[in-house]
Amino acid sequence: MKAQEWIERLPEQFVVYEITTISPNDYRGIVFTGMGGSGIVGDVLKLFLEKDGVRVPVLSLRGYELPPYVREGWLLVAISYSGNTEETLSVADEGIKRGLKVVCVSSGGKLREVAQREGLDFVEVPSNYAPRYAFGFMLSAVMSLFGKKDPIERIRKHLEESKGEIKETAYRIAQVVQNYIPIVYGTPLTEPIAFRWKTQVNENSKTLCYTATLPELHHNEVVGLDNPITRNLCHFIILWDPEDHPRVKRRVQITEELFKELGLAPIVLQGKGDTLEERLLYLAYLEDWVSFYLAEFYGYDPLPVKVIDRIKEALN
Ligand code: F6R
């Protein structure tokens, strides 16, 4: 099965691209844009750049339009694995019109044509994958763009070494959450991975899955736990990182206590690894396998996403 082979070989996707690097602080601001399996790359890079101490605003944008304040002097990184996603093409077009520096990342498609026509920087990633299974290629391409070569190498080695343990843990998690709606809670540092967790369960396991983030969820979501009818349909997973703000860590403990009082046992996870990058990719790889095993338990082929294809066709 193709999906399994791709997930199995994800660590190999972490390769350094030999491209001209960009210094983020040379720009007034940075916008990443992309949808679905490509959009997640911008979320992760925004987090990495902020952790590195970037001094300009960084946005990760999904949709058709650039905010009005994004103008000349900003950098736009447009990421679409197929190169044919209309929202991403629309933002790229707007970026060109406003005179932004635009870099395109894709395996081909219309985005490559636009880049060639307009003389834009273009980073080509390997073709013939489904977009969400090319996450490592796209992330490495954009990390290479910002000169984050050492972290790429470290991630690759770390995922290769941890694969056995990750698969075992993922299998156990999938056994526990099957027949429930998984609810994945993140923190400011794990939020993009919690979101990726949701989207992978949606697309691979063909299953609803929702996410919420601390501390915000302490101001609304937790009240929703009162109703046992909906609460008992769900199984909860909490992702946190040792570098999270101390008050966020305290809030993770309080959340666990709340759940215990309700007789629920959330799965509380932190990624393994020496650096934030390694730990987040550990959690992302774990989630790939959880969604794969869940698909297996429910009897689905993880690969096809027929309804996404249908919507794209309907828009043509
Ligand atoms: C399918 C997948 C989708 C796509 C999304 C955008 O595998 O992951 O979420 O990523 O429909 O398409 P691309 O990535 O080609 O811009």
# chains A, B, ... in the order shown; residues from 1 in each chain; ligands from 1
>>> residues_near_ligand(ligand="ligand 1", cutoff="6 Å", atoms="only C-alpha atoms and all ligand atoms", output="MDAnalysis selection string")
chainID A and resid 35:38 80:83 85 130:132
>>> select_by_dssp(residues="range 65-252 of chain A", states="strand (DSSP E)", output="count of residues only")
32
>>> closest_residue(among="A:Pro67, A:Gly108, A:Gly34, A:Pro151", to="Phe14 in chain A", atoms="only C-alpha atoms")
A:Pro151
>>> closest_residue(among="A:Gly119, A:Gly147, A:Gly73, A:Pro182", to="Leu294 in chain A", atoms="only C-alpha atoms")
A:Pro182
>>> closest_residue(among="A:Tyr180, A:Trp6, A:Phe48, A:Trp74", to="Gly136 in chain A", atoms="only C-alpha atoms")
A:Trp6
>>> residues_around(residues="range 252-258 of chain A", least_positions_apart="6", cutoff="8 Å", atoms="only C-alpha atoms", output="PyMOL selection string")
chain A and resi 214+238+240+265-266
>>> residues_around(residues="Trp197 in chain A", least_positions_apart="6", cutoff="12 Å", atoms="only C-alpha atoms", output="number ranges by chain")
A: 36-37, 40, 132, 170, 182-186, 190-191, 203-205, 207-212, 237-239, 280-281, 283-292
>>> atom_distance(atom1="CA of Phe236 in chain A", atom2="CA of Ile267 in chain A")
6.3 Å
>>> closest_residue(among="A:Glu278, A:Glu86, A:Arg117, A:Ala3", to="Asn316 in chain A", atoms="only C-alpha atoms")
A:Glu86
>>> residues_around(residues="range 155-157 of chain A", least_positions_apart="6", cutoff="12 Å", atoms="only C-alpha atoms", output="number ranges by chain")
A: 9-16, 136-137, 139-140, 143, 148-149, 163, 272-285
>>> write_last_selection(atoms="C-alpha atoms", output="PDB file, in the first residue's frame")
ATOM      1  CA  ARG A   9       9.946   6.544   4.442  1.00  0.00           C
ATOM      2  CA  LEU A  10       9.032  10.008   5.771  1.00  0.00           C
ATOM      3  CA  PRO A  11      12.391  10.479   7.592  1.00  0.00           C
ATOM      4  CA  GLU A  12      14.157  10.257   4.196  1.00  0.00           C
ATOM      5  CA  GLN A  13      12.263  13.352   3.059  1.00  0.00           C
ATOM      6  CA  PHE A  14      14.331  15.502   5.414  1.00  0.00           C
ATOM      7  CA  VAL A  15      17.042  16.530   2.995  1.00  0.00           C
ATOM      8  CA  VAL A  16      18.837  19.839   2.652  1.00  0.00           C
ATOM      9  CA  GLY A 136       8.859  16.347   4.899  1.00  0.00           C
ATOM     10  CA  PHE A 137       9.924  17.450   1.417  1.00  0.00           C
ATOM     11  CA  LEU A 139       9.128  21.454   5.196  1.00  0.00           C
ATOM     12  CA  SER A 140      12.774  20.729   4.311  1.00  0.00           C
ATOM     13  CA  MET A 143      13.642  25.248   6.167  1.00  0.00           C
ATOM     14  CA  LYS A 148      17.968  25.826   8.805  1.00  0.00           C
ATOM     15  CA  LYS A 149      20.194  23.052   7.500  1.00  0.00           C
ATOM     16  CA  LYS A 163      10.637   5.096  14.167  1.00  0.00           C
ATOM     17  CA  LYS A 272      10.979  13.235  22.496  1.00  0.00           C
ATOM     18  CA  GLY A 273      14.175  14.934  21.359  1.00  0.00           C
ATOM     19  CA  ASP A 274      16.802  17.486  22.379  1.00  0.00           C
ATOM     20  CA  THR A 275      15.431  20.398  20.350  1.00  0.00           C
ATOM     21  CA  LEU A 276      11.967  21.828  19.791  1.00  0.00           C
ATOM     22  CA  GLU A 277      12.235  20.944  16.108  1.00  0.00           C
ATOM     23  CA  GLU A 278      12.978  17.296  16.894  1.00  0.00           C
ATOM     24  CA  ARG A 279      10.213  17.060  19.476  1.00  0.00           C
ATOM     25  CA  LEU A 280       7.559  18.591  17.223  1.00  0.00           C
ATOM     26  CA  LEU A 281       8.473  16.378  14.282  1.00  0.00           C
ATOM     27  CA  TYR A 282       8.440  13.377  16.631  1.00  0.00           C
ATOM     28  CA  LEU A 283       4.818  14.232  17.502  1.00  0.00           C
ATOM     29  CA  ALA A 284       3.985  14.825  13.832  1.00  0.00           C
ATOM     30  CA  TYR A 285       5.409  11.457  12.831  1.00  0.00           C
TER      31      TYR A 285
END
>>> residues_around(residues="Arg98 in chain A", least_positions_apart="3", cutoff="9 Å", atoms="only C-alpha atoms", output="PDB file with N, CA and C atoms, in the first residue's frame")
ATOM      1  N   VAL A  70      -0.003  44.134   4.095  1.00  0.00           N
ATOM      2  CA  VAL A  70       1.132  43.427   3.474  1.00  0.00           C
ATOM      3  C   VAL A  70       1.444  44.123   2.146  1.00  0.00           C
ATOM      4  N   ARG A  71       2.653  44.684   2.072  1.00  0.00           N
ATOM      5  CA  ARG A  71       2.970  45.483   0.883  1.00  0.00           C
ATOM      6  C   ARG A  71       4.430  45.273   0.492  1.00  0.00           C
ATOM      7  N   GLU A  72       4.901  46.089  -0.443  1.00  0.00           N
ATOM      8  CA  GLU A  72       6.290  45.984  -0.906  1.00  0.00           C
ATOM      9  C   GLU A  72       7.250  45.902   0.287  1.00  0.00           C
ATOM     10  N   ASP A  93      -0.671  35.578  -6.815  1.00  0.00           N
ATOM     11  CA  ASP A  93      -0.962  36.596  -7.814  1.00  0.00           C
ATOM     12  C   ASP A  93      -1.036  37.988  -7.179  1.00  0.00           C
ATOM     13  N   GLU A  94      -1.724  38.050  -6.044  1.00  0.00           N
ATOM     14  CA  GLU A  94      -1.861  39.321  -5.318  1.00  0.00           C
ATOM     15  C   GLU A  94      -0.484  39.823  -4.860  1.00  0.00           C
ATOM     16  N   GLY A  95       0.346  38.870  -4.388  1.00  0.00           N
ATOM     17  CA  GLY A  95       1.694  39.227  -3.919  1.00  0.00           C
ATOM     18  C   GLY A  95       2.529  39.823  -5.047  1.00  0.00           C
TER      19      GLY A  95
END
>>> closest_residue(among="A:Pro304, A:Gln270, A:Met138, A:Tyr293", to="Lys167 in chain A", atoms="only C-alpha atoms")
A:Tyr293
>>> closest_residue(among="A:Ala174, A:Val54, A:Val125, A:Ile22", to="Val102 in chain A", atoms="only C-alpha atoms")
A:Ile22
